[in-house]
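Here is the file query-v1.cif (mmCIF, C-alpha atoms; chains and numbers go by the auth columns).
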data_coords
loop_
_atom_site.group_PDB
_atom_site.id
_atom_site.type_symbol
_atom_site.label_atom_id
_atom_site.label_comp_id
_atom_site.label_asym_id
_atom_site.label_seq_id
_atom_site.Cartn_x
_atom_site.Cartn_y
_atom_site.Cartn_z
_atom_site.B_iso_or_equiv
_atom_site.auth_seq_id
_atom_site.auth_asym_id
ATOM 1 C CA MET A 1 246.700 79.521 110.116 0.00 100 A
ATOM 2 C CA TYR A 2 243.322 78.050 109.211 0.00 101 A
ATOM 3 C CA LEU A 3 244.294 74.607 107.930 0.00 102 A
ATOM 4 C CA PRO A 4 241.509 72.182 106.927 0.00 103 A
ATOM 5 C CA ARG A 5 242.684 68.587 106.865 0.00 104 A
ATOM 6 C CA ALA A 6 242.145 68.305 103.104 0.00 105 A
ATOM 7 C CA PHE A 7 244.747 71.006 102.451 0.00 106 A
ATOM 8 C CA ALA A 8 247.366 70.023 105.056 0.00 107 A
ATOM 9 C CA GLU A 9 250.684 68.907 103.531 0.00 108 A
ATOM 10 C CA THR A 10 253.081 66.797 105.619 0.00 109 A
ATOM 11 C CA ASP A 11 255.787 65.945 103.080 0.00 110 A
ATOM 12 C CA LEU A 12 258.954 67.844 104.013 0.00 111 A
ATOM 13 C CA GLY A 13 260.153 67.362 100.450 0.00 112 A
ATOM 14 C CA ALA A 14 257.298 69.635 99.381 0.00 113 A
ATOM 15 C CA LEU A 15 258.556 72.237 101.865 0.00 114 A
ATOM 16 C CA ASP A 16 262.086 71.893 100.462 0.00 115 A
ATOM 17 C CA ARG A 17 260.855 72.617 96.949 0.00 116 A
ATOM 18 C CA LEU A 18 258.682 75.519 98.091 0.00 117 A
ATOM 19 C CA ALA A 19 261.556 77.105 100.031 0.00 118 A
ATOM 20 C CA ASP A 20 263.923 76.690 97.085 0.00 119 A
ATOM 21 C CA ALA A 21 261.598 78.297 94.553 0.00 120 A
ATOM 22 C CA TYR A 22 260.049 80.999 96.776 0.00 121 A
ATOM 23 C CA ASP A 23 262.804 82.120 99.138 0.00 122 A
ATOM 24 C CA PHE A 24 261.758 85.774 99.513 0.00 123 A
ATOM 25 C CA ALA A 25 259.921 85.536 102.817 0.00 124 A
ATOM 26 C CA SER A 26 257.997 87.521 105.417 0.00 125 A
ATOM 27 C CA LEU A 27 259.553 87.465 108.898 0.00 126 A
ATOM 28 C CA ILE A 28 257.094 88.383 111.645 0.00 127 A
ATOM 29 C CA THR A 29 257.827 89.207 115.274 0.00 128 A
ATOM 30 C CA VAL A 30 255.928 90.968 118.048 0.00 129 A
ATOM 31 C CA ARG A 31 257.246 93.947 120.047 0.00 130 A
ATOM 32 C CA GLU A 32 255.217 95.638 122.763 0.00 131 A
ATOM 33 C CA GLY A 33 252.081 93.882 121.568 0.00 132 A
ATOM 34 C CA ALA A 34 252.369 95.017 117.947 0.00 133 A
ATOM 35 C CA PRO A 35 253.549 92.953 114.947 0.00 134 A
ATOM 36 C CA GLU A 36 256.724 93.855 113.074 0.00 135 A
ATOM 37 C CA VAL A 37 257.327 92.464 109.592 0.00 136 A
ATOM 38 C CA SER A 38 260.402 92.340 107.362 0.00 137 A
ATOM 39 C CA HIS A 39 260.455 91.025 103.805 0.00 138 A
ATOM 40 C CA LEU A 40 263.770 89.485 102.850 0.00 139 A
ATOM 41 C CA PRO A 41 265.579 86.654 101.069 0.00 140 A
ATOM 42 C CA LEU A 42 266.449 83.625 103.173 0.00 141 A
ATOM 43 C CA LEU A 43 268.786 80.670 102.919 0.00 142 A
ATOM 44 C CA TYR A 44 267.081 77.379 103.774 0.00 143 A
ATOM 45 C CA ARG A 45 268.732 74.200 105.015 0.00 144 A
ATOM 46 C CA ARG A 46 267.170 70.962 106.227 0.00 145 A
ATOM 47 C CA GLU A 47 268.958 67.997 107.757 0.00 146 A
ATOM 48 C CA GLY A 48 266.407 65.331 108.556 0.00 147 A
ATOM 49 C CA GLU A 49 263.731 67.142 110.535 0.00 148 A
ATOM 50 C CA ARG A 50 266.041 69.982 111.610 0.00 149 A
ATOM 51 C CA ILE A 51 265.425 73.145 109.596 0.00 150 A
ATOM 52 C CA GLU A 52 267.461 76.351 109.788 0.00 151 A
ATOM 53 C CA LEU A 53 266.983 79.609 107.889 0.00 152 A
ATOM 54 C CA ARG A 54 269.570 82.384 107.629 0.00 153 A
ATOM 55 C CA GLY A 55 269.257 85.996 106.593 0.00 154 A
ATOM 56 C CA HIS A 56 270.024 89.554 107.642 0.00 155 A
ATOM 57 C CA TRP A 57 268.419 92.910 108.336 0.00 156 A
ATOM 58 C CA ALA A 58 269.696 96.410 107.701 0.00 157 A
ATOM 59 C CA ARG A 59 271.082 97.505 111.058 0.00 158 A
ATOM 60 C CA PRO A 60 268.593 100.408 111.479 0.00 159 A
ATOM 61 C CA ASN A 61 265.656 97.994 111.155 0.00 160 A
ATOM 62 C CA PRO A 62 264.026 97.819 114.631 0.00 161 A
ATOM 63 C CA GLN A 63 263.454 94.098 114.140 0.00 162 A
ATOM 64 C CA ALA A 64 267.238 93.604 114.146 0.00 163 A
ATOM 65 C CA ARG A 65 267.121 94.000 117.920 0.00 164 A
ATOM 66 C CA HIS A 66 264.753 91.035 118.296 0.00 165 A
ATOM 67 C CA ALA A 67 265.800 87.600 119.467 0.00 166 A
ATOM 68 C CA GLY A 68 263.246 84.974 120.393 0.00 167 A
ATOM 69 C CA PRO A 69 259.945 83.686 118.970 0.00 168 A
ATOM 70 C CA ALA A 70 259.153 84.511 115.342 0.00 169 A
ATOM 71 C CA LEU A 71 257.137 83.376 112.344 0.00 170 A
ATOM 72 C CA VAL A 72 258.406 83.015 108.777 0.00 171 A
ATOM 73 C CA VAL A 73 255.854 82.922 105.955 0.00 172 A
ATOM 74 C CA LEU A 74 256.888 81.420 102.623 0.00 173 A
ATOM 75 C CA GLN A 75 254.330 82.442 99.996 0.00 174 A
ATOM 76 C CA GLY A 76 254.364 80.064 97.048 0.00 175 A
ATOM 77 C CA PRO A 77 252.385 80.161 93.798 0.00 176 A
ATOM 78 C CA HIS A 78 248.717 81.166 93.838 0.00 177 A
ATOM 79 C CA ALA A 79 245.914 81.456 91.301 0.00 178 A
ATOM 80 C CA TYR A 80 242.266 82.473 91.058 0.00 179 A
ATOM 81 C CA VAL A 81 239.863 79.644 90.239 0.00 180 A
ATOM 82 C CA SER A 82 236.628 80.545 88.460 0.00 181 A
ATOM 83 C CA PRO A 83 233.440 78.607 89.275 0.00 182 A
ATOM 84 C CA GLY A 84 232.739 78.685 85.553 0.00 183 A
ATOM 85 C CA TRP A 85 235.479 76.075 85.074 0.00 184 A
ATOM 86 C CA TYR A 86 233.647 73.351 87.016 0.00 185 A
ATOM 87 C CA PRO A 87 231.496 70.818 85.135 0.00 186 A
ATOM 88 C CA ASP A 88 229.133 70.770 88.134 0.00 187 A
ATOM 89 C CA LYS A 89 229.016 74.565 88.517 0.00 188 A
ATOM 90 C CA GLU A 90 225.214 74.736 88.258 0.00 189 A
ATOM 91 C CA SER A 91 224.176 71.617 90.142 0.00 190 A
ATOM 92 C CA ALA A 92 226.585 72.300 93.037 0.00 191 A
ATOM 93 C CA ALA A 93 226.168 76.118 92.991 0.00 192 A
ATOM 94 C CA ARG A 94 229.942 76.616 92.888 0.00 193 A
ATOM 95 C CA VAL A 95 231.575 79.908 93.890 0.00 194 A
ATOM 96 C CA PRO A 96 234.980 81.536 93.168 0.00 195 A
ATOM 97 C CA THR A 97 238.022 80.452 95.142 0.00 196 A
ATOM 98 C CA TRP A 98 241.811 80.680 95.192 0.00 197 A
ATOM 99 C CA ASN A 99 244.376 77.885 95.012 0.00 198 A
ATOM 100 C CA TYR A 100 247.785 78.350 96.616 0.00 199 A
ATOM 101 C CA ALA A 101 250.767 76.828 98.396 0.00 200 A
ATOM 102 C CA LEU A 102 252.425 78.360 101.444 0.00 201 A
ATOM 103 C CA ALA A 103 254.252 77.555 104.663 0.00 202 A
ATOM 104 C CA HIS A 104 254.159 79.034 108.138 0.00 203 A
ATOM 105 C CA LEU A 105 257.363 78.240 110.006 0.00 204 A
ATOM 106 C CA HIS A 106 257.361 78.917 113.747 0.00 205 A
ATOM 107 C CA GLY A 107 260.593 79.066 115.720 0.00 206 A
ATOM 108 C CA GLU A 108 263.323 81.041 117.450 0.00 207 A
ATOM 109 C CA LEU A 109 265.551 83.808 116.112 0.00 208 A
ATOM 110 C CA GLN A 110 269.213 84.030 117.067 0.00 209 A
ATOM 111 C CA THR A 111 271.095 87.145 115.956 0.00 210 A
ATOM 112 C CA PHE A 112 274.809 87.441 115.164 0.00 211 A
ATOM 113 C CA GLU A 113 277.114 90.308 114.262 0.00 212 A
ATOM 114 C CA ASP A 114 280.579 88.763 113.961 0.00 213 A
ATOM 115 C CA GLU A 115 282.383 89.689 110.772 0.00 214 A
ATOM 116 C CA THR A 116 283.163 86.097 109.792 0.00 215 A
ATOM 117 C CA GLY A 117 279.556 84.953 110.122 0.00 216 A
ATOM 118 C CA LEU A 118 278.184 87.976 108.253 0.00 217 A
ATOM 119 C CA ALA A 119 280.735 87.631 105.473 0.00 218 A
ATOM 120 C CA GLN A 120 279.848 83.965 104.995 0.00 219 A
ATOM 121 C CA LEU A 121 276.139 84.792 104.931 0.00 220 A
ATOM 122 C CA VAL A 122 276.540 87.524 102.294 0.00 221 A
ATOM 123 C CA ASP A 123 278.778 85.262 100.234 0.00 222 A
ATOM 124 C CA ASP A 124 276.287 82.379 100.410 0.00 223 A
ATOM 125 C CA LEU A 125 273.361 84.622 99.458 0.00 224 A
ATOM 126 C CA SER A 126 275.199 86.242 96.566 0.00 225 A
ATOM 127 C CA ARG A 127 276.471 82.908 95.207 0.00 226 A
ATOM 128 C CA ARG A 128 272.928 81.559 95.157 0.00 227 A
ATOM 129 C CA HIS A 129 271.317 84.520 93.426 0.00 228 A
ATOM 130 C CA GLU A 130 274.187 85.408 91.098 0.00 229 A
ATOM 131 C CA ALA A 131 274.113 81.813 89.816 0.00 230 A
ATOM 132 C CA ARG A 132 270.412 82.180 89.017 0.00 231 A
ATOM 133 C CA LEU A 133 271.253 85.189 86.844 0.00 232 A
ATOM 134 C CA GLY A 134 274.270 83.593 85.227 0.00 233 A
ATOM 135 C CA SER A 135 276.342 86.386 86.794 0.00 234 A
ATOM 136 C CA ASP A 136 279.525 86.190 88.840 0.00 235 A
ATOM 137 C CA TRP A 137 279.661 88.966 91.482 0.00 236 A
ATOM 138 C CA ARG A 138 281.319 87.686 94.631 0.00 237 A
ATOM 139 C CA PHE A 139 281.825 88.975 98.133 0.00 238 A
ATOM 140 C CA GLU A 140 285.610 89.306 98.462 0.00 239 A
ATOM 141 C CA PHE A 141 286.696 88.547 102.019 0.00 240 A
ATOM 142 C CA GLU A 142 290.122 90.149 101.557 0.00 241 A
ATOM 143 C CA ARG A 143 288.743 93.545 100.476 0.00 242 A
ATOM 144 C CA ASP A 144 288.471 96.106 103.255 0.00 243 A
ATOM 145 C CA ASP A 145 285.713 98.011 101.460 0.00 244 A
ATOM 146 C CA HIS A 146 283.607 94.851 101.228 0.00 245 A
ATOM 147 C CA ARG A 147 284.144 94.005 104.887 0.00 246 A
ATOM 148 C CA ARG A 148 283.234 97.538 105.962 0.00 247 A
ATOM 149 C CA GLN A 149 279.815 97.103 104.362 0.00 248 A
ATOM 150 C CA LEU A 150 279.096 94.351 106.890 0.00 249 A
ATOM 151 C CA ARG A 151 278.807 96.971 109.627 0.00 250 A
ATOM 152 C CA GLY A 152 275.461 97.965 108.154 0.00 251 A
ATOM 153 C CA ILE A 153 273.721 94.617 108.723 0.00 252 A
ATOM 154 C CA VAL A 154 272.745 92.229 111.520 0.00 253 A
ATOM 155 C CA GLY A 155 272.514 88.525 110.744 0.00 254 A
ATOM 156 C CA PHE A 156 270.120 85.946 112.111 0.00 255 A
ATOM 157 C CA ARG A 157 269.558 82.234 112.271 0.00 256 A
ATOM 158 C CA PHE A 158 265.997 80.980 112.544 0.00 257 A
ATOM 159 C CA LEU A 159 265.539 77.532 114.059 0.00 258 A
ATOM 160 C CA VAL A 160 262.206 76.022 113.014 0.00 259 A
ATOM 161 C CA GLU A 161 260.209 74.334 115.774 0.00 260 A
ATOM 162 C CA ARG A 162 256.787 73.898 114.149 0.00 261 A
ATOM 163 C CA ILE A 163 255.647 73.696 110.520 0.00 262 A
ATOM 164 C CA GLU A 164 252.263 74.509 109.009 0.00 263 A
ATOM 165 C CA LEU A 165 252.265 73.607 105.326 0.00 264 A
ATOM 166 C CA LYS A 166 249.144 74.341 103.302 0.00 265 A
ATOM 167 C CA PHE A 167 248.635 73.290 99.683 0.00 266 A
ATOM 168 C CA LYS A 168 245.090 74.278 98.682 0.00 267 A
ATOM 169 C CA LEU A 169 244.723 72.556 95.312 0.00 268 A
ATOM 170 C CA SER A 170 241.023 71.757 94.885 0.00 269 A
ATOM 171 C CA GLN A 171 241.408 68.521 96.875 0.00 270 A
ATOM 172 C CA ASN A 172 237.825 68.969 98.129 0.00 271 A
ATOM 173 C CA HIS A 173 236.397 68.787 94.585 0.00 272 A
ATOM 174 C CA PRO A 174 235.503 65.788 92.418 0.00 273 A
ATOM 175 C CA GLN A 175 238.066 64.624 89.886 0.00 274 A
ATOM 176 C CA ALA A 176 236.255 66.162 86.921 0.00 275 A
ATOM 177 C CA ASN A 177 236.462 69.595 88.521 0.00 276 A
ATOM 178 C CA ARG A 178 240.149 69.172 89.338 0.00 277 A
ATOM 179 C CA ASP A 179 240.931 68.082 85.778 0.00 278 A
ATOM 180 C CA SER A 180 239.140 71.130 84.396 0.00 279 A
ATOM 181 C CA VAL A 181 240.953 73.510 86.770 0.00 280 A
ATOM 182 C CA VAL A 182 244.326 72.060 85.766 0.00 281 A
ATOM 183 C CA ALA A 183 243.561 72.514 82.077 0.00 282 A
ATOM 184 C CA ARG A 184 242.351 76.105 82.524 0.00 283 A
ATOM 185 C CA LEU A 185 245.317 77.111 84.693 0.00 284 A
ATOM 186 C CA GLN A 186 247.826 75.489 82.365 0.00 285 A
ATOM 187 C CA ALA A 187 246.407 77.484 79.450 0.00 286 A
ATOM 188 C CA GLN A 188 247.044 80.828 81.169 0.00 287 A
ATOM 189 C CA ASP A 189 250.157 82.931 80.605 0.00 288 A
ATOM 190 C CA ARG A 190 250.816 83.537 84.333 0.00 289 A
ATOM 191 C CA ASP A 191 253.741 81.606 85.800 0.00 290 A
ATOM 192 C CA ASP A 192 251.872 81.196 89.088 0.00 291 A
ATOM 193 C CA SER A 193 248.842 79.687 87.355 0.00 292 A
ATOM 194 C CA ARG A 194 250.985 77.135 85.550 0.00 293 A
ATOM 195 C CA ALA A 195 252.861 76.376 88.775 0.00 294 A
ATOM 196 C CA ILE A 196 249.581 75.633 90.555 0.00 295 A
ATOM 197 C CA ALA A 197 248.534 73.390 87.658 0.00 296 A
ATOM 198 C CA ALA A 198 251.839 71.522 87.985 0.00 297 A
ATOM 199 C CA LEU A 199 251.308 71.029 91.725 0.00 298 A
ATOM 200 C CA MET A 200 247.805 69.714 91.082 0.00 299 A
ATOM 201 C CA ARG A 201 249.118 67.225 88.501 0.00 300 A
ATOM 202 C CA GLU A 202 251.834 66.161 90.932 0.00 301 A
ATOM 203 C CA ARG A 203 249.283 65.476 93.675 0.00 302 A
ATOM 204 C CA ALA A 204 247.100 63.527 91.248 0.00 303 A
ATOM 205 C CA ALA A 205 250.062 61.348 90.260 0.00 304 A
ATOM 206 C CA GLN A 206 250.873 60.648 93.913 0.00 305 A
ATOM 207 C CA ALA A 207 247.298 59.529 94.555 0.00 306 A
ATOM 208 C CA GLU A 208 247.370 56.917 91.769 0.00 307 A
#

Show how you would write the structure in this file as structure tokens.
Amino acid sequence: MYLPRAFAETDLGALDRLADAYDFASLITVREGAPEVSHLPLLYRREGERIELRGHWARPNPQARHAGPALVVLQGPHAYVSPGWYPDKESAARVPTWNYALAHLHGELQTFEDETGLAQLVDDLSRRHEARLGSDWRFEFERDDHRRQLRGIVGFRFLVERIELKFKLSQNHPQANRDSVVARLQAQDRDDSRAIAALMRERAAQAE
């Protein structure tokens, strides 16, 4: 990933928050010289500097036969930034750009197919997302029909070895430009725009 120093984020707490809010990820592997990509929800866990992700594929997915190096992309909020928002738009000949937050996580995939591990994974995923909806569906370990469904998936653990965390938030602009961008994004009705504005305010507060 192209990562200018101004946009490089090193705070693992920022990664934690990104992974919690944007946990539908792209999982990329390479087979016979060609990329394969799956888009799926992941469970994220960090203990110190050790990070593990868990998820599963449908068994017919060719990527389910992959174990080894992989890349996970977590795409956070993003928003268009108009040059018309900058106080110095004329004197500095400003051009359009895009602000965003994302992570590239490089590591190793380990697959598993045991019933106990798959059942726990499905239960953990459903608990997380049912709670977000205020709903209460549960995977029931004692039900044969629930356990039979596990035959259709292959689970994986992804052990992160290298992190690239990019928060492009107008850090390369003067303060007056950043203040204007925050105000314009906050006034929009897009959740992503307001999320970017919040990240920009957070970075400004940290710099004080």

field: Residues within 6 Å of region 247-254 of chain A, all atoms listed in the file, excluding chain neighbours under 3 positions, as number ranges by chain
entry: A: 154-158, 210-212, 244

One residue among A:Phe257, A:Trp197, A:Tyr143, A:Tyr121 is nearest to Gly175 (chain A) when using only C-alpha atoms, and that residue is A:Tyr121

- Task: List the neighbours of Glu260 (chain A) out to 10 Å using only C-alpha atoms; skip same-chain residues closer than 4 positions along the sequence, and give me the result as a PyMOL selection string.
- Result: chain A and resi 148-151+168+204-207

If you count all atoms listed in the file, the residue of A:Arg277, A:Phe266, A:Thr128, A:Asp222 closest to Pro182 (chain A) turns out to be A:Arg277

(message) Residues proximal to (278.8, 84.2, 92.9) were defined as those with any atom within 6 Å of that point in the file's coordinates, counting all atoms listed in the file. Which are they, as a ChimeraX atom specification?
(response) /A:225-226,229,235-237

Just to be explicit: take each residue in the selection above, keep C-alpha atoms, and write the result as a PDB file, keeping the file's coordinate frame.
ATOM      1  CA  SER A 225     275.199  86.242  96.566  1.00  0.00           C
ATOM      2  CA  ARG A 226     276.471  82.908  95.207  1.00  0.00           C
ATOM      3  CA  GLU A 229     274.187  85.408  91.098  1.00  0.00           C
ATOM      4  CA  ASP A 235     279.525  86.190  88.840  1.00  0.00           C
ATOM      5  CA  TRP A 236     279.661  88.966  91.482  1.00  0.00           C
ATOM      6  CA  ARG A 237     281.319  87.686  94.631  1.00  0.00           C
TER       7      ARG A 237
END

From CA of Leu102 (chain A) to CA of Ser279 (chain A) the spacing works out at 24.3 Å

Shell of 10 Å around His203 (chain A), all atoms listed in the file, local chain residues under 5 positions omitted, as an mmCIF file with C-alpha atoms, in the frame of the given file:
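Output below, filename result-v4.cif:
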data_model
loop_
_atom_site.group_PDB
_atom_site.id
_atom_site.type_symbol
_atom_site.label_atom_id
_atom_site.label_comp_id
_atom_site.auth_asym_id
_atom_site.auth_seq_id
_atom_site.Cartn_x
_atom_site.Cartn_y
_atom_site.Cartn_z
ATOM 1 C CA MET A 100 246.700 79.521 110.116
ATOM 2 C CA SER A 125 257.997 87.521 105.417
ATOM 3 C CA LEU A 170 257.137 83.376 112.344
ATOM 4 C CA VAL A 171 258.406 83.015 108.777
ATOM 5 C CA VAL A 172 255.854 82.922 105.955
ATOM 6 C CA LEU A 173 256.888 81.420 102.623
ATOM 7 C CA GLN A 174 254.330 82.442 99.996
ATOM 8 C CA VAL A 259 262.206 76.022 113.014
ATOM 9 C CA ARG A 261 256.787 73.898 114.149
ATOM 10 C CA ILE A 262 255.647 73.696 110.520
ATOM 11 C CA GLU A 263 252.263 74.509 109.009
ATOM 12 C CA LEU A 264 252.265 73.607 105.326
ATOM 13 C CA LYS A 265 249.144 74.341 103.302
#

Note to self: Under the rule that all atoms listed in the file are counted, which of A:Phe123, A:Pro161, A:Thr109, A:Ala178 is the nearest residue to Gln287 (chain A)?
What the structure shows: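 For Gln287 (chain A), the nearest of the candidates is A:Ala178.
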
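Among the candidate residues A:Ile127, A:Ala105, A:Ala163, A:Ala169, the one lying nearest to Ser269 (chain A) is A:Ala105, with distances computed using only C-alpha atoms.
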
Computed gap from CA of Glu108 (chain A) to CA of Tyr185 (chain A) is 24.1 Å

Correct to one decimal, the distance CA of Gly147 (chain A)-CA of Phe106 (chain A) is 23.2 Å

### Reference answer for the PyMOL selection byres ((chain A and resi 112) around 12), as a list in words
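When the PyMOL selection byres ((chain A and resi 112) around 12) is applied to the shown file, the picked residues are Glu108, Thr109, Asp110, Leu111, Ala113, Leu114, Asp115, Arg116, Leu117, Ala118, Asp119, Arg144, Arg145, Glu146, Gly147, Glu148 and Leu264 of chain A.
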
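Distances from A:Gln209, A:Asn198, A:Gln162, A:Gln219 to Pro176 (chain A) were compared using only C-alpha atoms, and the smallest one belongs to A:Asn198.
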
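Restricting the calculation to only C-alpha atoms, the smallest distance between Arg104 (chain A) and any of A:Arg242, A:His177, A:Lys267, A:Arg153 is found for A:Lys267.
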
- Can you tell me, as number ranges by chain, what residues are no more than 9 Å from Ser181 (chain A) when counting all atoms listed in the file, ignoring any on the same chain fewer than 3 positions away? A: 184-185, 193-197, 280

Please write as an mmCIF file with C-alpha atoms, in the coordinates of the input the full residue list that the PyMOL selection byres ((chain A and resi 300) around 12) yields on this file.
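Wrote part-v1.cif, looks like this:
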data_model
loop_
_atom_site.group_PDB
_atom_site.id
_atom_site.type_symbol
_atom_site.label_atom_id
_atom_site.label_comp_id
_atom_site.auth_asym_id
_atom_site.auth_seq_id
_atom_site.Cartn_x
_atom_site.Cartn_y
_atom_site.Cartn_z
ATOM 1 C CA LEU A 268 244.723 72.556 95.312
ATOM 2 C CA SER A 269 241.023 71.757 94.885
ATOM 3 C CA GLN A 270 241.408 68.521 96.875
ATOM 4 C CA GLN A 274 238.066 64.624 89.886
ATOM 5 C CA ARG A 277 240.149 69.172 89.338
ATOM 6 C CA ASP A 278 240.931 68.082 85.778
ATOM 7 C CA SER A 279 239.140 71.130 84.396
ATOM 8 C CA VAL A 280 240.953 73.510 86.770
ATOM 9 C CA VAL A 281 244.326 72.060 85.766
ATOM 10 C CA ALA A 282 243.561 72.514 82.077
ATOM 11 C CA LEU A 284 245.317 77.111 84.693
ATOM 12 C CA GLN A 285 247.826 75.489 82.365
ATOM 13 C CA ARG A 293 250.985 77.135 85.550
ATOM 14 C CA ALA A 294 252.861 76.376 88.775
ATOM 15 C CA ILE A 295 249.581 75.633 90.555
ATOM 16 C CA ALA A 296 248.534 73.390 87.658
ATOM 17 C CA ALA A 297 251.839 71.522 87.985
ATOM 18 C CA LEU A 298 251.308 71.029 91.725
ATOM 19 C CA MET A 299 247.805 69.714 91.082
ATOM 20 C CA GLU A 301 251.834 66.161 90.932
ATOM 21 C CA ARG A 302 249.283 65.476 93.675
ATOM 22 C CA ALA A 303 247.100 63.527 91.248
ATOM 23 C CA ALA A 304 250.062 61.348 90.260
ATOM 24 C CA GLN A 305 250.873 60.648 93.913
ATOM 25 C CA ALA A 306 247.298 59.529 94.555
ATOM 26 C CA GLU A 307 247.370 56.917 91.769
#

*Hey, what's within 7 Å of Leu224 (chain A) if we count only C-alpha atoms and toss same-chain stuff fewer than 4 positions away? As a list of chain:residue names, please?*
A:Leu142, A:Leu220, A:His228

I'd like the box whose edges run along x, y and z of the file and which contains every listed atom of region 149-156 of chain A, padded by 5 Å per side; could you state its centre and edge lengths in Å, one decimal, as lines of an AutoDock Vina configuration file?
center_x = 267.7
center_y = 81.4
center_z = 109.1
size_x = 14.6
size_y = 32.9
size_z = 15.0
